[in-house]
$ cat start00.json   # JSON, C-alpha atoms
[["chain", "number", "residue", "atom", "x", "y", "z"],
["X", 267, "MET", "CA", 92.24, -32.97, 99.30],
["X", 268, "THR", "CA", 88.96, -31.30, 98.51],
["X", 269, "ASN", "CA", 89.50, -27.68, 99.51],
["X", 270, "SER", "CA", 89.03, -26.26, 96.00],
["X", 271, "LYS", "CA", 86.14, -23.92, 96.73],
["X", 272, "PRO", "CA", 88.08, -20.98, 98.23],
["X", 273, "TRP", "CA", 89.65, -20.01, 94.92],
["X", 274, "LYS", "CA", 86.66, -20.34, 92.62],
["X", 275, "LYS", "CA", 85.99, -16.66, 93.30],
["X", 276, "TYR", "CA", 89.34, -15.79, 91.66],
["X", 277, "PRO", "CA", 89.21, -17.23, 88.10],
["X", 278, "LEU", "CA", 92.44, -15.45, 87.21],
["X", 279, "ILE", "CA", 94.42, -17.73, 89.54],
["X", 280, "ALA", "CA", 92.05, -20.71, 89.90],
["X", 281, "ASN", "CA", 94.20, -23.04, 87.82],
["X", 282, "GLU", "CA", 97.36, -22.00, 89.64],
["X", 283, "LEU", "CA", 95.78, -22.46, 93.06],
["X", 284, "ALA", "CA", 94.69, -25.93, 91.93],
["X", 285, "GLN", "CA", 98.37, -26.61, 91.19],
["X", 286, "VAL", "CA", 99.26, -25.37, 94.68],
["X", 287, "ASN", "CA", 96.65, -27.70, 96.13],
["X", 288, "GLU", "CA", 98.03, -30.65, 94.18],
["X", 289, "LEU", "CA", 101.63, -29.92, 95.17],
["X", 290, "LEU", "CA", 100.58, -29.54, 98.80],
["X", 291, "LYS", "CA", 98.87, -32.92, 98.61],
["X", 292, "GLN", "CA", 102.07, -34.48, 97.27],
["X", 293, "THR", "CA", 103.99, -33.30, 100.34],
["X", 294, "MET", "CA", 101.54, -34.78, 102.85],
["X", 295, "HIS", "CA", 103.47, -37.96, 103.50],
["X", 296, "ALA", "CA", 105.15, -39.16, 106.69],
["X", 297, "PRO", "CA", 106.85, -42.33, 107.96],
["X", 298, "ASN", "CA", 104.16, -42.66, 110.63],
["X", 299, "LYS", "CA", 100.55, -43.58, 109.82],
["X", 300, "ASN", "CA", 98.97, -41.35, 112.49],
["X", 301, "LEU", "CA", 101.19, -38.44, 111.51],
["X", 302, "GLU", "CA", 100.30, -38.77, 107.83],
["X", 303, "SER", "CA", 96.60, -39.05, 108.67],
["X", 304, "ALA", "CA", 96.85, -35.90, 110.79],
["X", 305, "LEU", "CA", 98.50, -33.95, 107.99],
["X", 306, "LYS", "CA", 95.97, -35.06, 105.39],
["X", 307, "GLU", "CA", 93.08, -34.25, 107.72],
["X", 308, "MET", "CA", 94.45, -30.77, 108.35],
["X", 309, "ALA", "CA", 94.74, -30.17, 104.63],
["X", 310, "ASP", "CA", 91.32, -31.66, 103.88],
["X", 311, "ASN", "CA", 89.69, -29.36, 106.42],
["X", 312, "GLY", "CA", 90.53, -26.60, 104.00],
["X", 313, "GLY", "CA", 91.48, -23.00, 104.42],
["X", 314, "LYS", "CA", 90.91, -19.72, 102.66],
["X", 315, "TYR", "CA", 94.19, -20.08, 100.71],
["X", 316, "LEU", "CA", 94.54, -16.35, 101.24],
["X", 317, "ARG", "CA", 98.32, -16.38, 101.55],
["X", 318, "PRO", "CA", 99.06, -18.41, 98.41],
["X", 319, "SER", "CA", 96.49, -16.24, 96.63],
["X", 320, "LEU", "CA", 98.57, -13.22, 97.61],
["X", 321, "VAL", "CA", 101.68, -14.85, 96.15],
["X", 322, "LEU", "CA", 99.94, -15.50, 92.82],
["X", 323, "LEU", "CA", 98.06, -12.21, 92.57],
["X", 324, "ALA", "CA", 101.21, -10.22, 93.37],
["X", 325, "ALA", "CA", 102.96, -12.15, 90.61],
["X", 326, "HIS", "CA", 100.18, -11.36, 88.12],
["X", 327, "ALA", "CA", 100.17, -7.72, 89.21],
["X", 328, "VAL", "CA", 103.71, -7.20, 87.91],
["X", 329, "GLY", "CA", 104.49, -10.13, 85.61],
["X", 330, "LYS", "CA", 103.72, -13.81, 85.11],
["X", 331, "THR", "CA", 103.66, -16.85, 87.32],
["X", 332, "ASN", "CA", 106.00, -19.78, 86.85],
["X", 333, "LYS", "CA", 106.83, -23.14, 88.46],
["X", 334, "GLN", "CA", 108.96, -21.49, 91.13],
["X", 335, "ILE", "CA", 106.10, -19.22, 92.18],
["X", 336, "ILE", "CA", 103.76, -22.24, 92.49],
["X", 337, "GLN", "CA", 106.35, -23.79, 94.83],
["X", 338, "ILE", "CA", 106.66, -20.59, 96.84],
["X", 339, "ALA", "CA", 102.86, -20.30, 97.15],
["X", 340, "THR", "CA", 102.74, -23.90, 98.38],
["X", 341, "ALA", "CA", 105.58, -23.26, 100.80],
["X", 342, "ILE", "CA", 103.79, -20.21, 102.24],
["X", 343, "GLU", "CA", 100.61, -22.23, 102.85],
["X", 344, "THR", "CA", 102.66, -25.03, 104.38],
["X", 345, "LEU", "CA", 104.31, -22.62, 106.81],
["X", 346, "HIS", "CA", 100.91, -21.18, 107.69],
["X", 347, "MET", "CA", 99.51, -24.65, 108.41],
["X", 348, "ALA", "CA", 102.51, -25.45, 110.64],
["X", 349, "THR", "CA", 101.94, -22.34, 112.74],
["X", 350, "LEU", "CA", 98.22, -23.14, 113.11],
["X", 351, "ILE", "CA", 98.94, -26.64, 114.38],
["X", 352, "HIS", "CA", 101.47, -25.40, 116.92],
["X", 353, "ASP", "CA", 99.10, -22.59, 117.99],
["X", 354, "ASP", "CA", 96.41, -25.15, 118.72],
["X", 355, "VAL", "CA", 98.82, -27.16, 120.87],
["X", 356, "ILE", "CA", 99.84, -24.07, 122.84],
["X", 357, "ASP", "CA", 96.24, -22.89, 123.27],
["X", 358, "ASP", "CA", 94.89, -26.41, 123.86],
["X", 359, "SER", "CA", 92.28, -25.72, 121.17],
["X", 360, "ASP", "CA", 89.87, -28.51, 120.38],
["X", 361, "LYS", "CA", 88.71, -27.06, 117.06],
["X", 362, "ARG", "CA", 90.32, -25.68, 113.92],
["X", 363, "ARG", "CA", 88.38, -24.58, 110.84],
["X", 364, "GLY", "CA", 85.18, -25.78, 112.50],
["X", 365, "LYS", "CA", 86.45, -29.34, 112.94],
["X", 366, "PRO", "CA", 88.47, -31.16, 115.61],
["X", 367, "SER", "CA", 92.01, -29.82, 115.77],
["X", 368, "ILE", "CA", 94.98, -32.11, 115.15],
["X", 369, "GLN", "CA", 96.01, -32.03, 118.79],
["X", 370, "PHE", "CA", 92.47, -32.89, 119.92],
["X", 371, "ALA", "CA", 91.95, -35.68, 117.37],
["X", 372, "PHE", "CA", 95.41, -37.26, 117.41],
["X", 373, "GLY", "CA", 97.09, -36.02, 120.60],
["X", 374, "LYS", "CA", 99.64, -33.34, 121.32],
["X", 375, "ASP", "CA", 102.64, -35.48, 120.40],
["X", 376, "VAL", "CA", 101.35, -36.17, 116.89],
["X", 377, "ALA", "CA", 100.37, -32.50, 116.52],
["X", 378, "VAL", "CA", 103.86, -31.28, 117.46],
["X", 379, "TYR", "CA", 105.46, -33.71, 115.03],
["X", 380, "ALA", "CA", 102.97, -32.70, 112.32],
["X", 381, "GLY", "CA", 103.88, -29.04, 112.76],
["X", 382, "ASP", "CA", 107.58, -29.87, 112.75],
["X", 383, "LEU", "CA", 107.24, -31.92, 109.57],
["X", 384, "LEU", "CA", 105.43, -29.07, 107.85],
["X", 385, "PHE", "CA", 108.29, -26.75, 108.78],
["X", 386, "THR", "CA", 110.72, -29.15, 107.07],
["X", 387, "ASN", "CA", 108.38, -29.34, 104.05],
["X", 388, "PHE", "CA", 108.45, -25.55, 103.90],
["X", 389, "PHE", "CA", 112.22, -25.53, 103.61],
["X", 390, "ASP", "CA", 112.18, -28.36, 101.05],
["X", 391, "LEU", "CA", 109.82, -26.33, 98.87],
["X", 392, "MET", "CA", 112.08, -23.28, 99.18],
["X", 393, "LEU", "CA", 115.26, -25.11, 98.11],
["X", 394, "ASP", "CA", 114.99, -23.75, 94.56],
["X", 395, "VAL", "CA", 115.24, -20.18, 95.81],
["X", 396, "ASN", "CA", 118.85, -19.48, 94.99],
["X", 397, "GLU", "CA", 118.95, -15.87, 96.09],
["X", 398, "PRO", "CA", 120.58, -15.49, 99.52],
["X", 399, "GLU", "CA", 118.65, -12.29, 100.19],
["X", 400, "TYR", "CA", 115.33, -14.13, 99.94],
["X", 401, "LEU", "CA", 116.54, -17.15, 101.87],
["X", 402, "ARG", "CA", 117.39, -14.69, 104.64],
["X", 403, "LEU", "CA", 113.98, -13.06, 104.26],
["X", 404, "ASN", "CA", 112.26, -16.41, 104.84],
["X", 405, "ALA", "CA", 114.33, -17.04, 107.95],
["X", 406, "GLN", "CA", 113.65, -13.51, 109.23],
["X", 407, "THR", "CA", 109.92, -14.00, 108.65],
["X", 408, "MET", "CA", 109.92, -17.18, 110.73],
["X", 409, "ARG", "CA", 111.72, -15.30, 113.49],
["X", 410, "GLN", "CA", 109.17, -12.46, 113.30],
["X", 411, "ILE", "CA", 106.30, -14.95, 113.55],
["X", 412, "LEU", "CA", 107.92, -16.44, 116.65],
["X", 413, "ASN", "CA", 108.59, -12.98, 118.11],
["X", 414, "GLY", "CA", 104.93, -12.11, 117.60],
["X", 415, "GLU", "CA", 103.86, -15.23, 119.47],
["X", 416, "LEU", "CA", 106.40, -14.59, 122.23],
["X", 417, "GLY", "CA", 105.26, -10.98, 122.46],
["X", 418, "GLN", "CA", 101.71, -12.15, 122.93],
["X", 419, "MET", "CA", 102.86, -14.61, 125.58],
["X", 420, "ASN", "CA", 104.76, -11.85, 127.39],
["X", 421, "GLN", "CA", 101.62, -9.71, 127.43],
["X", 422, "ARG", "CA", 99.37, -12.37, 128.94],
["X", 423, "PHE", "CA", 97.08, -10.98, 131.67],
["X", 424, "ASN", "CA", 98.54, -7.50, 131.13],
["X", 425, "LEU", "CA", 95.63, -5.09, 131.58],
["X", 426, "GLU", "CA", 97.78, -2.11, 130.61],
["X", 427, "GLN", "CA", 98.62, -3.22, 127.07],
["X", 428, "THR", "CA", 98.66, -0.42, 124.52],
["X", 429, "PHE", "CA", 97.57, -0.47, 120.91],
["X", 430, "ASP", "CA", 101.25, -0.37, 119.94],
["X", 431, "ASP", "CA", 101.85, -3.54, 121.98],
["X", 432, "TYR", "CA", 98.95, -5.24, 120.24],
["X", 433, "LEU", "CA", 100.05, -3.99, 116.82],
["X", 434, "ALA", "CA", 103.61, -5.27, 117.27],
["X", 435, "ASP", "CA", 102.29, -8.73, 118.14],
["X", 436, "ILE", "CA", 99.84, -9.05, 115.23],
["X", 437, "LYS", "CA", 102.43, -7.75, 112.78],
["X", 438, "GLY", "CA", 104.58, -10.69, 113.81],
["X", 439, "LYS", "CA", 101.84, -13.30, 114.19],
["X", 440, "THR", "CA", 99.88, -12.50, 111.04],
["X", 441, "ALA", "CA", 100.97, -9.57, 108.89],
["X", 442, "THR", "CA", 104.58, -10.66, 108.36],
["X", 443, "LEU", "CA", 103.51, -13.81, 106.48],
["X", 444, "PHE", "CA", 101.09, -11.78, 104.34],
["X", 445, "ARG", "CA", 103.99, -9.47, 103.52],
["X", 446, "LEU", "CA", 106.32, -12.33, 102.64],
["X", 447, "ALA", "CA", 103.70, -13.86, 100.34],
["X", 448, "ALA", "CA", 103.21, -10.73, 98.25],
["X", 449, "GLU", "CA", 106.87, -9.73, 98.28],
["X", 450, "GLU", "CA", 108.08, -13.09, 96.99],
["X", 451, "GLY", "CA", 105.27, -13.36, 94.46],
["X", 452, "ALA", "CA", 106.15, -9.99, 92.98],
["X", 453, "HIS", "CA", 109.92, -10.45, 93.06],
["X", 454, "PHE", "CA", 110.01, -13.91, 91.46],
["X", 455, "ALA", "CA", 107.58, -12.81, 88.75],
["X", 456, "GLY", "CA", 110.07, -10.17, 87.67],
["X", 457, "GLY", "CA", 108.75, -7.15, 89.52],
["X", 458, "ASN", "CA", 111.18, -4.31, 90.15],
["X", 459, "LEU", "CA", 112.12, -3.16, 93.64],
["X", 460, "GLU", "CA", 109.48, -0.41, 93.77],
["X", 461, "GLN", "CA", 106.67, -2.71, 92.63],
["X", 462, "THR", "CA", 107.76, -5.42, 95.04],
["X", 463, "GLN", "CA", 107.80, -3.09, 98.02],
["X", 464, "ILE", "CA", 104.42, -1.59, 97.11],
["X", 465, "LEU", "CA", 102.85, -5.05, 97.09],
["X", 466, "ALA", "CA", 104.67, -6.04, 100.28],
["X", 467, "ASN", "CA", 103.40, -2.90, 102.04],
["X", 468, "PHE", "CA", 99.86, -3.56, 100.78],
["X", 469, "ALA", "CA", 99.93, -7.12, 102.08],
["X", 470, "GLU", "CA", 101.22, -6.09, 105.50],
["X", 471, "ASP", "CA", 98.38, -3.59, 105.88],
["X", 472, "LEU", "CA", 95.96, -6.26, 104.68],
["X", 473, "GLY", "CA", 97.32, -8.68, 107.28],
["X", 474, "ILE", "CA", 96.85, -6.16, 110.09],
["X", 475, "ALA", "CA", 93.26, -5.46, 108.97],
["X", 476, "PHE", "CA", 92.62, -9.20, 108.66],
["X", 477, "GLN", "CA", 93.74, -9.90, 112.24],
["X", 478, "ILE", "CA", 91.73, -7.01, 113.68],
["X", 479, "ILE", "CA", 88.59, -8.29, 111.94],
["X", 480, "ASP", "CA", 89.42, -11.80, 113.19],
["X", 481, "ASP", "CA", 89.50, -10.44, 116.74],
["X", 482, "VAL", "CA", 86.22, -8.61, 116.20],
["X", 483, "LEU", "CA", 84.57, -11.80, 114.94],
["X", 484, "ASP", "CA", 85.80, -13.58, 118.06],
["X", 485, "TYR", "CA", 83.51, -11.32, 120.09],
["X", 486, "ARG", "CA", 80.65, -11.41, 117.63],
["X", 487, "GLY", "CA", 80.62, -15.20, 117.48],
["X", 488, "SER", "CA", 79.84, -17.46, 114.53],
["X", 489, "SER", "CA", 79.49, -21.19, 113.96],
["X", 490, "GLN", "CA", 81.84, -20.72, 110.99],
["X", 491, "LEU", "CA", 84.72, -19.34, 113.00],
["X", 492, "ASN", "CA", 87.99, -21.27, 113.03],
["X", 493, "LYS", "CA", 88.07, -21.67, 116.81],
["X", 494, "PRO", "CA", 85.74, -21.61, 119.83],
["X", 495, "MET", "CA", 84.63, -18.10, 120.72],
["X", 496, "LEU", "CA", 86.89, -16.19, 123.13],
["X", 497, "GLU", "CA", 88.81, -19.30, 124.17],
["X", 498, "ASP", "CA", 91.91, -17.12, 124.68],
["X", 499, "LEU", "CA", 90.39, -15.02, 127.48],
["X", 500, "PRO", "CA", 91.11, -17.41, 130.39],
["X", 501, "THR", "CA", 94.71, -17.73, 129.14],
["X", 502, "GLY", "CA", 95.22, -13.96, 129.37],
["X", 503, "VAL", "CA", 95.35, -13.19, 125.65],
["X", 504, "TYR", "CA", 93.52, -9.87, 125.30],
["X", 505, "SER", "CA", 92.72, -8.72, 121.77],
["X", 506, "LEU", "CA", 91.88, -5.26, 120.48],
["X", 507, "PRO", "CA", 88.16, -5.00, 121.33],
["X", 508, "LEU", "CA", 88.85, -5.81, 124.98],
["X", 509, "LEU", "CA", 91.89, -3.52, 125.16],
["X", 510, "LEU", "CA", 89.81, -0.63, 123.80],
["X", 511, "THR", "CA", 87.03, -1.36, 126.31],
["X", 512, "LEU", "CA", 89.55, -1.33, 129.16],
["X", 513, "LYS", "CA", 90.39, 2.28, 128.25],
["X", 514, "GLN", "CA", 86.95, 3.30, 129.59],
["X", 515, "PRO", "CA", 87.31, 3.59, 133.42],
["X", 516, "ASP", "CA", 83.74, 2.65, 134.28],
["X", 517, "LEU", "CA", 83.81, -0.42, 132.06],
["X", 518, "LYS", "CA", 87.27, -1.37, 133.28],
["X", 519, "ALA", "CA", 85.84, -1.44, 136.81],
["X", 520, "GLN", "CA", 83.19, -3.91, 135.63],
["X", 521, "LEU", "CA", 85.71, -6.07, 133.78],
["X", 522, "LEU", "CA", 88.44, -6.34, 136.41],
["X", 523, "PRO", "CA", 86.63, -8.74, 138.79],
["X", 524, "LEU", "CA", 85.96, -11.05, 135.85],
["X", 525, "LEU", "CA", 89.41, -10.83, 134.26],
["X", 526, "ASN", "CA", 91.15, -11.27, 137.60],
["X", 527, "LYS", "CA", 89.70, -14.78, 137.81],
["X", 528, "ARG", "CA", 92.19, -15.68, 135.06],
["X", 529, "THR", "CA", 92.13, -19.45, 134.43],
["X", 530, "ALA", "CA", 89.22, -19.88, 136.86],
["X", 531, "MET", "CA", 87.00, -17.87, 134.51],
["X", 532, "THR", "CA", 83.67, -19.59, 133.75],
["X", 533, "VAL", "CA", 81.60, -19.64, 130.58],
["X", 534, "LYS", "CA", 79.19, -17.25, 132.30],
["X", 535, "ASP", "CA", 82.08, -14.86, 133.03],
["X", 536, "ILE", "CA", 83.19, -14.99, 129.38],
["X", 537, "LYS", "CA", 79.68, -14.23, 128.16],
["X", 538, "GLN", "CA", 79.49, -11.29, 130.56],
["X", 539, "ILE", "CA", 82.81, -9.93, 129.27],
["X", 540, "GLN", "CA", 81.57, -10.38, 125.73],
["X", 541, "ALA", "CA", 78.40, -8.39, 126.47],
["X", 542, "ILE", "CA", 80.36, -5.55, 128.09],
["X", 543, "VAL", "CA", 82.74, -5.32, 125.14],
["X", 544, "ILE", "CA", 79.94, -5.37, 122.56],
["X", 545, "ASP", "CA", 78.02, -2.63, 124.39],
["X", 546, "SER", "CA", 81.15, -0.49, 124.80],
["X", 547, "GLY", "CA", 81.48, 0.66, 121.20],
["X", 548, "ALA", "CA", 84.87, -1.04, 120.95],
["X", 549, "ILE", "CA", 83.66, -3.28, 118.11],
["X", 550, "THR", "CA", 82.87, -0.25, 115.95],
["X", 551, "GLU", "CA", 86.19, 1.37, 116.86],
["X", 552, "SER", "CA", 88.09, -1.82, 116.04],
["X", 553, "LYS", "CA", 86.35, -2.14, 112.68],
["X", 554, "GLN", "CA", 87.23, 1.46, 111.89],
["X", 555, "LEU", "CA", 90.90, 0.77, 112.62],
["X", 556, "ALA", "CA", 90.74, -2.28, 110.34],
["X", 557, "GLN", "CA", 89.20, -0.13, 107.62],
["X", 558, "ASN", "CA", 91.98, 2.43, 108.05],
["X", 559, "TYR", "CA", 94.63, -0.22, 107.43],
["X", 560, "ALA", "CA", 92.73, -1.67, 104.49],
["X", 561, "GLN", "CA", 92.44, 1.78, 102.92],
["X", 562, "LYS", "CA", 96.12, 2.39, 103.55],
["X", 563, "GLY", "CA", 96.88, -0.82, 101.65],
["X", 564, "ILE", "CA", 94.55, 0.15, 98.79],
["X", 565, "ALA", "CA", 96.36, 3.49, 98.57],
["X", 566, "GLU", "CA", 99.59, 1.53, 98.02],
["X", 567, "LEU", "CA", 97.99, -0.41, 95.17],
["X", 568, "ALA", "CA", 97.05, 2.87, 93.47],
["X", 569, "LYS", "CA", 100.78, 3.38, 92.79],
["X", 570, "LEU", "CA", 100.75, 0.40, 90.41],
["X", 571, "ALA", "CA", 99.53, 0.32, 86.84],
["X", 572, "PRO", "CA", 95.95, -1.03, 86.94],
["X", 573, "ASN", "CA", 95.37, -4.58, 85.72],
["X", 574, "PRO", "CA", 93.02, -7.47, 86.64],
["X", 575, "ALA", "CA", 95.26, -8.74, 89.48],
["X", 576, "VAL", "CA", 95.57, -5.30, 91.08],
["X", 577, "LYS", "CA", 91.79, -4.91, 90.90],
["X", 578, "ILE", "CA", 91.29, -8.29, 92.60],
["X", 579, "LEU", "CA", 93.69, -7.32, 95.38],
["X", 580, "GLU", "CA", 91.76, -4.10, 95.95],
["X", 581, "LYS", "CA", 88.49, -6.05, 95.99],
["X", 582, "MET", "CA", 90.04, -8.54, 98.43],
["X", 583, "ALA", "CA", 90.88, -5.74, 100.86],
["X", 584, "LYS", "CA", 87.34, -4.36, 100.71],
["X", 585, "GLU", "CA", 85.69, -7.77, 101.09],
["X", 586, "LEU", "CA", 87.89, -8.59, 104.07],
["X", 587, "LEU", "CA", 86.13, -5.86, 106.06],
["X", 588, "GLN", "CA", 82.76, -7.53, 105.41],
["X", 589, "ARG", "CA", 83.72, -11.11, 106.20],
["X", 590, "THR", "CA", 81.78, -13.08, 108.80],
["X", 591, "PHE", "CA", 84.20, -16.01, 109.28]]

$ encode --input "start00.json" --output "structure tokens"
Amino acid sequence: MTNSKPWKKYPLIANELAQVNELLKQTMHAPNKNLESALKEMADNGGKYLRPSLVLLAAHAVGKTNKQIIQIATAIETLHMATLIHDDVIDDSDKRRGKPSIQFAFGKDVAVYAGDLLFTNFFDLMLDVNEPEYLRLNAQTMRQILNGELGQMNQRFNLEQTFDDYLADIKGKTATLFRLAAEEGAHFAGGNLEQTQILANFAEDLGIAFQIIDDVLDYRGSSQLNKPMLEDLPTGVYSLPLLLTLKQPDLKAQLLPLLNKRTAMTVKDIKQIQAIVIDSGAITESKQLAQNYAQKGIAELAKLAPNPAVKILEKMAKELLQRTF
């Protein structure tokens, strides 16, 4: 695998993330040639390694890393990859990380098996966690991820969704895995309960801000985005910028004829929706909400003794608000 660039910006954990990358590579084996090729291609496409970075930085914030933490960081990235593959199958996405998705390149059957195998790899990597409380936490996190996805499915085509509905879904889909990453990193590095919860709370707020910015970028458009722009619209998945625009009666009246086309929506319709949302001010409002959550997370970090890892986490939260992909 060649996805080493994402962590060069974090020299403090660069060597440890390289170990995560190597361990991840060692797990990418399967009894089927197509399945193994799919897994290796997914890994080679690279990711931000944000979640394993959270594991390692949380560990450094309160103690030291160790072999178990490297395994946990690898497990977290493995679980993340599994959810991405299954998401692409559900959404029928043809791209992931700017390249053909597993389901597009290899077929849905191989993609489902690839996701399933990664779930089993996740549990294999977590076998050394001998604390029942944290084994339960991993199981609960998987359930919360599923509940977030099911919540989003239940809200499809619902024009009356509230911010609380949206927030509940993204907490499950995205923020819960951020939280798990930081919580386990801190705990298994020897952090006390207060330190561990501070870092877990920070990561949850970071995850919420991350998803809001992701949804903003979906409307802004970029060739570097992980998926085709606004591909979720015809499937009835309405993210924050659209939900905020729908709160304005005059704009809602313009949007309804387009949204009511549902799966019959055309590219022209999508571009028209995009233009209405961008002109509505909802992008600015969404970015402000993301900033609020990022600042809330940074306020949590202020409760910890300052050190290089804490400073990097604070910088990470600020840079997240400026990202373009």

$ atom_distance --input "start00.json" --atom1 "CA of Leu472 in chain X" --atom2 "CA of Gly414 in chain X"
16.8 Å

$ closest_residue --input "start00.json" --among "X:Leu393, X:Ala571, X:Leu416, X:Val378" --to "Leu350 in chain X" --atoms "all atoms listed in the file"
X:Val378

$ axis_aligned_box --input "start00.json" --around "range 469-479 of chain X" --padding-each-side "8 Å" --output "lines of an AutoDock Vina configuration file"
center_x = 94.9
center_y = -6.7
center_z = 107.9
size_x = 28.6
size_y = 22.3
size_z = 27.6

$ atom_distance --input "start00.json" --atom1 "CA of Thr407 in chain X" --atom2 "CA of Pro366 in chain X"
28.3 Å

$ residues_around --input "start00.json" --residues "Glu415 in chain X" --least-positions-apart "4" --cutoff "10 Å" --atoms "all atoms listed in the file" --output "ChimeraX atom specification"
/X:349,353,409-411,419-421,435-436,438-440

$ closest_residue --input "start00.json" --among "X:Asp535, X:Asp375, X:Glu585, X:Glu566" --to "Glu460 in chain X" --atoms "only C-alpha atoms"
X:Glu566
